[in-house]
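The block underneath contains the structure these notes are about, expressed in structure tokens.
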Amino acid sequence: MARTDDDSWDITESVGATALGVAWSRAQEQNTECPLFTDPYAQMFVDAAVERGWQLPPAHVVERIRAIGGYAASRTKWFDEFFIAAGANGIDQAVILAAGLDARAWRLPWIDGTVVYEIDQPRVLTFKVDTLRRSEAQPTAKYVPVPIDLRDDWPRALRDAGFDPSEPTAWAAEGLLPYLPASGQDLLFERIHELSARGSRVGVESFGAGFFDPEYLASGREKMREYRRQAGLEGDDDAFDVQDLWYVEERTEVTDWLADHGWDVTSVSAADLMDRYGRCAAGEPDETTPRTVFVEGQRTC
Ligand code: SAM
């Protein structure tokens, strides 16, 4: 399933299915003793995809997702808090890039008058909107889907949908960067910068030290093979791995890029974040802790 410059997908295919994987993991969080957030829509998306013929991930993938469940929950919580803090500071325009099945526009307590724009591929957003419409779920902000590929002219589509670049914006890029080539990542931040009025904020799940180390990537693949073996699927060493959908290329450091462009930047590693939320032993990453960082930038000039 090699990537191409203009590939597209439905919710059950290629990169689209990663959004279903994340939704499945958010649905699992609801069954834990002490969930970090409430997302009643996640299971709804999974059920709707199954109705359409999507098969729940095979046992080995389920194990893998379960293993990083603490990470996925911490990540969701971090972005929830990011948006709530932005709202508390008066920002009432949000753009969720590569929104997938993120249900924040339906489940967060947005301040009055907030508009939430969501960008993702057309078929992904159609599936999402149709599913929510069937359940009669009501957004808690004004919801505006912007169905377009992030490699296309999305700034124009966003403006055409009503986005106001003169107003401060809260931007989120969660679970997105590995699916963009390095040049696409640079372009993404240039565009965000151009569209960001003073006071804007950006939250990004980015790459930490060693993310692209061949040994680290190989150990991720090996872990999947191990899960496959445990699931009785031996001899399938070339089976699909999510890394096959990534652009494994060294990138510009997001923290440096933002700082160089006049943004105030803070960041927290995945391990420290999970520690903060009680989802791993104090600051002790194990081999399943992704080498990512959560970056927040505020545009002050
Ligand atoms: N942010 C969501 C979340 O955390 O639940 C979804 C994350 S999912 C891992 C990746 C999402 O990125 C998918 O919904 C996919 O369609 C979207 N995506 C990746 N590349 C994209 C592109 N070039 N244009 C639009 N959407 C893209």
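Letters A, B, ... go to the chains of the structure tokens in the order shown; residues in each chain start at 1; ligands are counted from 1 in the same order.
The shell of residues at most 12 Å from Gln30 in chain A, with only C-alpha atoms counted and near chain neighbours (fewer than 3 positions) removed, consists of Ala23, Trp24, Ser25, Arg26, Ala27, Glu33, Cys34, Pro35, Leu36, Phe37, Thr38, Asp39, Pro40, Tyr41, Ala42, Gln43, Gly69 and Ala73 of chain A.
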**Request:** Select the residues contacting ligand 1 at a distance of at most 8 Å, based on only C-alpha atoms and all ligand atoms, then format the selection as a PyMOL selection string.
**Result:** chain A and resi 9-11+15-23+76+96-102+119-121+124+147-152+173-177+179-180
Output the selection as a JSON list (two decimals), in the first residue's frame - C-alpha atoms for each residue.
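What ended up in part36.json:
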[["chain", "number", "residue", "atom", "x", "y", "z"],
["A", 9, "TRP", "CA", -8.83, 7.11, 0.79],
["A", 10, "ASP", "CA", -12.11, 6.25, 2.41],
["A", 11, "ILE", "CA", -12.42, 5.77, 6.15],
["A", 15, "VAL", "CA", -4.47, 6.40, 6.02],
["A", 16, "GLY", "CA", -8.23, 6.71, 6.57],
["A", 17, "ALA", "CA", -8.25, 3.49, 8.55],
["A", 18, "THR", "CA", -5.72, 4.95, 11.00],
["A", 19, "ALA", "CA", -8.48, 7.34, 12.08],
["A", 20, "LEU", "CA", -10.66, 4.31, 12.81],
["A", 21, "GLY", "CA", -7.82, 2.77, 14.83],
["A", 22, "VAL", "CA", -7.61, 5.92, 16.94],
["A", 23, "ALA", "CA", -11.40, 5.96, 17.39],
["A", 76, "THR", "CA", -6.36, 13.02, 23.45],
["A", 96, "ILE", "CA", -8.44, 20.76, 13.47],
["A", 97, "LEU", "CA", -6.08, 19.56, 10.75],
["A", 98, "ALA", "CA", -6.49, 15.91, 9.71],
["A", 99, "ALA", "CA", -9.45, 15.70, 12.05],
["A", 100, "GLY", "CA", -10.31, 12.08, 11.28],
["A", 101, "LEU", "CA", -12.93, 10.92, 13.80],
["A", 102, "ASP", "CA", -12.00, 13.50, 16.41],
["A", 119, "ILE", "CA", -9.91, 19.54, 7.49],
["A", 120, "ASP", "CA", -9.55, 15.98, 6.23],
["A", 121, "GLN", "CA", -10.04, 14.03, 3.05],
["A", 124, "VAL", "CA", -13.37, 10.63, 5.76],
["A", 147, "PRO", "CA", -13.14, 18.42, 2.90],
["A", 148, "ILE", "CA", -9.81, 18.72, 1.14],
["A", 149, "ASP", "CA", -6.42, 17.09, 1.03],
["A", 150, "LEU", "CA", -3.80, 18.89, 3.10],
["A", 151, "ARG", "CA", -1.42, 18.70, 0.13],
["A", 152, "ASP", "CA", -3.86, 20.83, -1.90],
["A", 173, "ALA", "CA", -2.17, 18.71, 14.25],
["A", 174, "GLU", "CA", -2.66, 15.39, 16.05],
["A", 175, "GLY", "CA", -1.66, 12.12, 14.44],
["A", 176, "LEU", "CA", -0.78, 13.87, 11.19],
["A", 177, "LEU", "CA", 2.89, 14.64, 10.61],
["A", 179, "TYR", "CA", 1.67, 10.95, 6.95],
["A", 180, "LEU", "CA", 3.11, 14.06, 5.30]]
**Request:** Kindly indicate which residue among A:Asp186, A:Cys280, A:Gly220, A:Asp213 lies nearest to Arg251 in chain A, using only C-alpha atoms for the distances.
**Result:**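 Going through A:Asp186, A:Cys280, A:Gly220, A:Asp213 one by one, the smallest distance to Arg251 in chain A is for A:Asp186.
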**Request:** Step one, run DSSP on the backbone; step two, keep only residues of range 119-225 of chain A assigned to helix (DSSP H, G or I); then write them as a ChimeraX atom specification.
**Result:** /A:122-134,154-160,177-179,182-194,214-225
Serialized selection, C-alpha atoms, as a PDB file, in the first residue's frame:
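Resulting contents of part14.pdb:
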ATOM      1  CA  PRO A 122     -13.595  14.268   1.670  1.00  0.00           C
ATOM      2  CA  ARG A 123     -14.643  10.645   2.176  1.00  0.00           C
ATOM      3  CA  VAL A 124     -13.372  10.627   5.758  1.00  0.00           C
ATOM      4  CA  LEU A 125     -15.424  13.687   6.668  1.00  0.00           C
ATOM      5  CA  THR A 126     -18.492  12.384   4.828  1.00  0.00           C
ATOM      6  CA  PHE A 127     -18.405   9.179   6.851  1.00  0.00           C
ATOM      7  CA  LYS A 128     -18.018  11.158  10.054  1.00  0.00           C
ATOM      8  CA  VAL A 129     -20.757  13.688   9.393  1.00  0.00           C
ATOM      9  CA  ASP A 130     -23.186  10.996   8.165  1.00  0.00           C
ATOM     10  CA  THR A 131     -22.586   8.881  11.266  1.00  0.00           C
ATOM     11  CA  LEU A 132     -23.108  11.775  13.638  1.00  0.00           C
ATOM     12  CA  ARG A 133     -26.169  12.970  11.761  1.00  0.00           C
ATOM     13  CA  ARG A 134     -27.783   9.539  12.070  1.00  0.00           C
ATOM     14  CA  TRP A 154      -6.495  24.106   1.817  1.00  0.00           C
ATOM     15  CA  PRO A 155      -5.901  27.731   2.964  1.00  0.00           C
ATOM     16  CA  ARG A 156      -8.140  28.868   0.147  1.00  0.00           C
ATOM     17  CA  ALA A 157     -10.787  26.248   0.948  1.00  0.00           C
ATOM     18  CA  LEU A 158     -10.645  27.282   4.605  1.00  0.00           C
ATOM     19  CA  ARG A 159     -11.143  30.963   3.795  1.00  0.00           C
ATOM     20  CA  ASP A 160     -13.950  30.091   1.393  1.00  0.00           C
ATOM     21  CA  LEU A 177       2.889  14.639  10.607  1.00  0.00           C
ATOM     22  CA  PRO A 178       4.201  11.128   9.792  1.00  0.00           C
ATOM     23  CA  TYR A 179       1.669  10.949   6.948  1.00  0.00           C
ATOM     24  CA  ALA A 182       9.074  16.481   5.051  1.00  0.00           C
ATOM     25  CA  SER A 183       8.423  19.133   2.391  1.00  0.00           C
ATOM     26  CA  GLY A 184       4.664  18.855   3.037  1.00  0.00           C
ATOM     27  CA  GLN A 185       5.281  19.397   6.747  1.00  0.00           C
ATOM     28  CA  ASP A 186       7.288  22.571   6.033  1.00  0.00           C
ATOM     29  CA  LEU A 187       4.532  23.858   3.765  1.00  0.00           C
ATOM     30  CA  LEU A 188       1.915  23.043   6.411  1.00  0.00           C
ATOM     31  CA  PHE A 189       3.629  25.237   8.998  1.00  0.00           C
ATOM     32  CA  GLU A 190       4.271  28.044   6.513  1.00  0.00           C
ATOM     33  CA  ARG A 191       0.571  28.094   5.763  1.00  0.00           C
ATOM     34  CA  ILE A 192      -0.474  27.944   9.413  1.00  0.00           C
ATOM     35  CA  HIS A 193       1.892  30.839  10.117  1.00  0.00           C
ATOM     36  CA  GLU A 194       0.505  32.921   7.262  1.00  0.00           C
ATOM     37  CA  PRO A 214      16.372   2.840  11.959  1.00  0.00           C
ATOM     38  CA  GLU A 215      16.748   0.627  15.056  1.00  0.00           C
ATOM     39  CA  TYR A 216      13.767   2.254  16.755  1.00  0.00           C
ATOM     40  CA  LEU A 217      11.605   1.896  13.647  1.00  0.00           C
ATOM     41  CA  ALA A 218      12.775  -1.683  13.189  1.00  0.00           C
ATOM     42  CA  SER A 219      11.919  -2.467  16.812  1.00  0.00           C
ATOM     43  CA  GLY A 220       8.381  -1.121  16.193  1.00  0.00           C
ATOM     44  CA  ARG A 221       7.999  -3.459  13.231  1.00  0.00           C
ATOM     45  CA  GLU A 222       9.466  -6.335  15.222  1.00  0.00           C
ATOM     46  CA  LYS A 223       6.937  -5.692  17.980  1.00  0.00           C
ATOM     47  CA  MET A 224       4.142  -6.034  15.415  1.00  0.00           C
ATOM     48  CA  ARG A 225       5.653  -9.282  14.153  1.00  0.00           C
TER      49      ARG A 225
END
**Request:** Tell me which of A:Glu226, A:Thr12, A:Met274, A:Gly113 sits closest to Glu51 in chain A, counting only C-alpha atoms.
**Result:**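 Of all the options, A:Thr12 lies closest to Glu51 in chain A.
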**Message:** Measuring between only C-alpha atoms, which one of A:Pro58, A:Ala172, A:Trp257, A:Ala85 shows the shortest distance to Ala239 in chain A?
**Reply:**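 Smallest separation from Ala239 in chain A among the options: A:Pro58.
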**Asked** So which bits of range 186-216 of chain A end up strand (DSSP E or B) when you DSSP the backbone, as a PyMOL selection string?
**Response** chain A and resi 201-207
**Message:** Give me the residues near Ala270 in chain A as a list in words, where near means some atom within 10 Å (using only C-alpha atoms) and where sequence neighbours in that chain fewer than 4 positions away do not count.
**Reply:** Tyr71, Ala72, Ser74, Arg75, Glu205, Ser206, Phe207, Gly208, Met274, Asp275, Arg276, Gly283, Pro285, Thr289, Pro290, Arg291, Thr292, Val293 and Phe294 of chain A
**Asked** For Asp164 in chain A, which residue among A:Ala105, A:Gln230, A:Asp92, A:Gln55 is the nearest when counting only C-alpha atoms?
**Response** A:Asp92
